[in-house]
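Peer 1: Sharing data_14.cif, mmCIF, C-alpha atoms:
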```
data_coords
#
loop_
_atom_site.group_PDB
_atom_site.id
_atom_site.type_symbol
_atom_site.label_atom_id
_atom_site.label_comp_id
_atom_site.auth_asym_id
_atom_site.auth_seq_id
_atom_site.Cartn_x
_atom_site.Cartn_y
_atom_site.Cartn_z
ATOM 1 C CA MET K 90 157.486 110.907 165.206
ATOM 2 C CA THR K 91 158.282 108.929 168.275
ATOM 3 C CA THR K 92 161.683 109.289 169.827
ATOM 4 C CA ALA K 93 163.452 106.022 170.461
ATOM 5 C CA LYS K 94 166.998 105.108 171.352
ATOM 6 C CA LYS K 95 168.664 103.231 168.529
ATOM 7 C CA GLN K 96 171.700 101.024 168.263
ATOM 8 C CA PRO K 97 174.592 102.175 166.059
ATOM 9 C CA ASN K 98 174.045 101.178 162.416
ATOM 10 C CA SER K 99 170.757 99.426 163.214
ATOM 11 C CA SER K 100 168.595 101.870 161.252
ATOM 12 C CA VAL K 101 166.574 100.776 158.254
ATOM 13 C CA PHE K 102 165.887 103.415 155.613
ATOM 14 C CA ARG K 103 163.011 103.320 153.157
ATOM 15 C CA ILE K 104 163.887 105.536 150.198
ATOM 16 C CA ASP K 105 161.333 105.936 147.431
ATOM 17 C CA SER K 106 161.957 108.015 144.310
ATOM 18 C CA PHE K 107 159.153 109.171 142.028
ATOM 19 C CA ALA K 108 158.951 110.739 138.574
ATOM 20 C CA VAL K 109 155.789 112.803 139.023
ATOM 21 C CA PRO K 110 154.225 114.616 136.043
ATOM 22 C CA GLU K 111 153.206 118.183 136.903
ATOM 23 C CA ALA K 112 149.545 117.383 136.202
ATOM 24 C CA SER K 113 149.627 114.637 138.865
ATOM 25 C CA ARG K 114 151.584 116.566 141.504
ATOM 26 C CA ALA K 115 148.680 117.777 143.696
ATOM 27 C CA ALA K 116 146.965 114.383 143.982
ATOM 28 C CA PHE K 117 150.257 112.614 144.540
ATOM 29 C CA MET K 118 151.541 115.033 147.175
ATOM 30 C CA ALA K 119 148.257 114.802 149.099
ATOM 31 C CA LYS K 120 148.574 110.999 149.294
ATOM 32 C CA VAL K 121 152.268 111.199 150.206
ATOM 33 C CA GLN K 122 151.464 113.636 153.028
ATOM 34 C CA GLU K 123 148.713 111.325 154.296
ATOM 35 C CA THR K 124 151.190 108.427 154.319
ATOM 36 C CA LYS K 125 153.828 110.560 156.060
ATOM 37 C CA ASP K 126 151.363 111.592 158.774
ATOM 38 C CA PHE K 127 150.481 107.945 159.437
ATOM 39 C CA LEU K 128 154.108 106.760 159.516
ATOM 40 C CA ASP K 129 155.141 109.643 161.794
ATOM 41 C CA GLU K 130 152.907 108.097 164.479
ATOM 42 C CA GLN K 131 154.442 104.622 164.241
ATOM 43 C CA ALA K 132 156.868 103.434 166.911
ATOM 44 C CA GLY K 133 160.492 103.622 165.833
ATOM 45 C CA CYS K 134 160.115 106.354 163.203
ATOM 46 C CA VAL K 135 163.270 108.456 163.575
ATOM 47 C CA GLN K 136 162.784 110.806 160.637
ATOM 48 C CA ASN K 137 160.377 111.042 157.747
ATOM 49 C CA LEU K 138 161.061 113.411 154.863
ATOM 50 C CA ILE K 139 159.327 114.376 151.650
ATOM 51 C CA LEU K 140 161.869 115.979 149.316
ATOM 52 C CA GLU K 141 161.289 117.728 146.010
ATOM 53 C CA GLN K 142 164.020 118.152 143.437
ATOM 54 C CA HIS K 143 165.455 121.650 143.508
ATOM 55 C CA SER K 144 168.128 121.273 140.842
ATOM 56 C CA GLY K 145 169.802 118.610 138.755
ATOM 57 C CA SER K 146 168.724 116.481 135.850
ATOM 58 C CA ASP K 147 167.452 113.236 137.420
ATOM 59 C CA ARG K 148 164.002 112.191 136.189
ATOM 60 C CA PHE K 149 162.905 111.488 139.771
ATOM 61 C CA ASN K 150 161.565 114.772 141.137
ATOM 62 C CA VAL K 151 160.120 113.611 144.490
ATOM 63 C CA VAL K 152 161.899 111.456 147.052
ATOM 64 C CA THR K 153 160.670 110.176 150.396
ATOM 65 C CA VAL K 154 163.097 109.026 153.085
ATOM 66 C CA VAL K 155 161.973 107.304 156.266
ATOM 67 C CA GLU K 156 164.440 106.148 158.892
ATOM 68 C CA TRP K 157 163.394 103.409 161.312
ATOM 69 C CA THR K 158 165.298 102.521 164.483
ATOM 70 C CA ASN K 159 165.664 98.896 163.405
ATOM 71 C CA HIS K 160 164.239 96.138 161.235
ATOM 72 C CA ASP K 161 161.466 95.280 163.723
ATOM 73 C CA ALA K 162 160.197 98.877 163.799
ATOM 74 C CA PHE K 163 160.262 98.950 159.995
ATOM 75 C CA ALA K 164 158.431 95.618 159.707
ATOM 76 C CA ASN K 165 155.760 96.675 162.221
ATOM 77 C CA ALA K 166 155.158 99.986 160.441
ATOM 78 C CA LYS K 167 154.984 98.243 157.067
ATOM 79 C CA ALA K 168 152.374 95.821 158.405
ATOM 80 C CA ALA K 169 150.354 98.689 159.903
ATOM 81 C CA MET K 170 150.496 100.615 156.613
ATOM 82 C CA MET K 171 149.402 97.566 154.624
ATOM 83 C CA ALA K 172 146.478 96.974 157.008
ATOM 84 C CA LYS K 173 145.421 100.622 156.702
ATOM 85 C CA ARG K 174 145.533 100.401 152.908
ATOM 86 C CA ARG K 175 143.582 97.139 152.846
ATOM 87 C CA GLY K 176 140.949 98.697 155.115
ATOM 88 C CA SER K 177 140.550 101.757 152.914
ATOM 89 C CA GLY K 178 140.798 99.869 149.617
ATOM 90 C CA PHE K 179 143.752 101.996 148.488
ATOM 91 C CA ASP K 180 145.937 100.280 145.869
ATOM 92 C CA PRO K 181 149.290 102.094 145.544
ATOM 93 C CA GLU K 182 150.229 100.425 142.245
ATOM 94 C CA SER K 183 146.966 101.439 140.578
ATOM 95 C CA PHE K 184 147.237 104.941 142.032
ATOM 96 C CA LEU K 185 150.720 105.462 140.596
ATOM 97 C CA LYS K 186 149.768 103.948 137.238
ATOM 98 C CA THR K 187 146.640 106.096 136.936
ATOM 99 C CA LEU K 188 148.681 109.248 137.606
ATOM 100 C CA GLY K 189 151.475 108.221 135.220
ATOM 101 C CA ILE K 190 154.073 108.124 138.000
ATOM 102 C CA GLU K 191 157.238 106.047 137.751
ATOM 103 C CA ALA K 192 158.563 104.780 141.100
ATOM 104 C CA ASN K 193 161.756 103.255 142.439
ATOM 105 C CA MET K 194 161.246 101.946 145.991
ATOM 106 C CA SER K 195 163.980 100.346 148.070
ATOM 107 C CA ASN K 196 165.097 99.621 151.606
ATOM 108 C CA TYR K 197 168.618 100.472 152.774
ATOM 109 C CA ILE K 198 170.899 99.901 155.741
ATOM 110 C CA ALA K 199 174.179 101.618 156.605
ATOM 111 C CA ALA K 200 177.138 100.299 154.639
ATOM 112 C CA SER K 201 179.676 98.562 156.815
#
```
Could you quickly redo this structure as structure tokens?

Peer 2:
Amino acid sequence: MTTAKKQPNSSVFRIDSFAVPEASRAAFMAKVQETKDFLDEQAGCVQNLILEQHSGSDRFNVVTVVEWTNHDAFANAKAAMMAKRRGSGFDPESFLKTLGIEANMSNYIAAS
């Protein structure tokens, strides 16, 4: 991750939650780690976490959280990720569907 000075409350958070069947875990986690490694190298990445449910009853058992310094850093990283996926032919929607994974993906900013 690159270290960058950020303005108060300017961060953009990408938080994705996944319901991953046990049979799909290995393939899914490998792709998530590959994505994390790529995003860690993008300018403006403050933190990038892959979290697995430890307790509780929510159906989502894997969550990723990426904090970007600001909207521009987020937009640039998103464009870079999309270009990488186009170049490799990777289709995230098909990947998730094939593995039987339910996803909830959203962007957040600090509440004011």

Peer 1: Which polymer residues have any atom within 12 Å of an atom of segment 133-144 of chain K, counting only C-alpha atoms, with same-chain residues fewer than 5 positions away left out, as JSON, numbers by chain?

Peer 2: {"K": [90, 91, 92, 93, 94, 95, 96, 99, 100, 101, 102, 103, 104, 105, 106, 107, 108, 109, 114, 117, 118, 119, 120, 121, 122, 123, 124, 125, 126, 127, 128, 149, 150, 151, 152, 153, 154, 155, 156, 157, 158, 159, 160, 161, 162, 163, 164, 165, 166, 167]}

Peer 1: Just give me the gap between atom CA of Ala200 of chain K and atom CA of Asn98 of chain K in Å, one decimal is fine.

Peer 2: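 If I compute the distance from atom CA of Ala200 of chain K to atom CA of Asn98 of chain K, I get 8.4 Å.
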
Peer 1: Could the centre and edge lengths of an axis-aligned box, enclosing all atoms of segment 158-168 of chain K in the file with 5 Å extra on each side, be given in Å to one decimal as AutoDock Vina command-line options?

Peer 2:
```
--center_x 159.0 --center_y 98.9 --center_z 160.8 --size_x 23.3 --size_y 17.2 --size_z 17.4
```

Peer 1: Please, what distance in Å, to one decimal, runs between atom CA of Ala112 of chain K and atom CA of Arg148 of chain K?

Peer 2: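 Separating atom CA of Ala112 of chain K from atom CA of Arg148 of chain K is a distance of 15.4 Å.
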
Peer 1: I'd like to know which of K:Pro110, K:Gly145, K:Phe179, K:Lys173 is closest to Ala192 of chain K, using all atoms listed in the file.

Peer 2: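 The answer is K:Pro110, which sits nearest to Ala192 of chain K.
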
Peer 1: When you draw a straight line from atom CA of Asn196 of chain K to atom CA of Ser113 of chain K, how long is it in Å?

Peer 2: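 Computed distance, atom CA of Asn196 of chain K to atom CA of Ser113 of chain K, equals 25.0 Å.
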
Peer 1: For the structure shown, which residues end up in the PyMOL selection byres ((chain K and resi 187) around 12)? Put them as an MDAnalysis selection string, please?

Peer 2: chainID K and resid 109:110 112:113 116:117 180:186 188:191
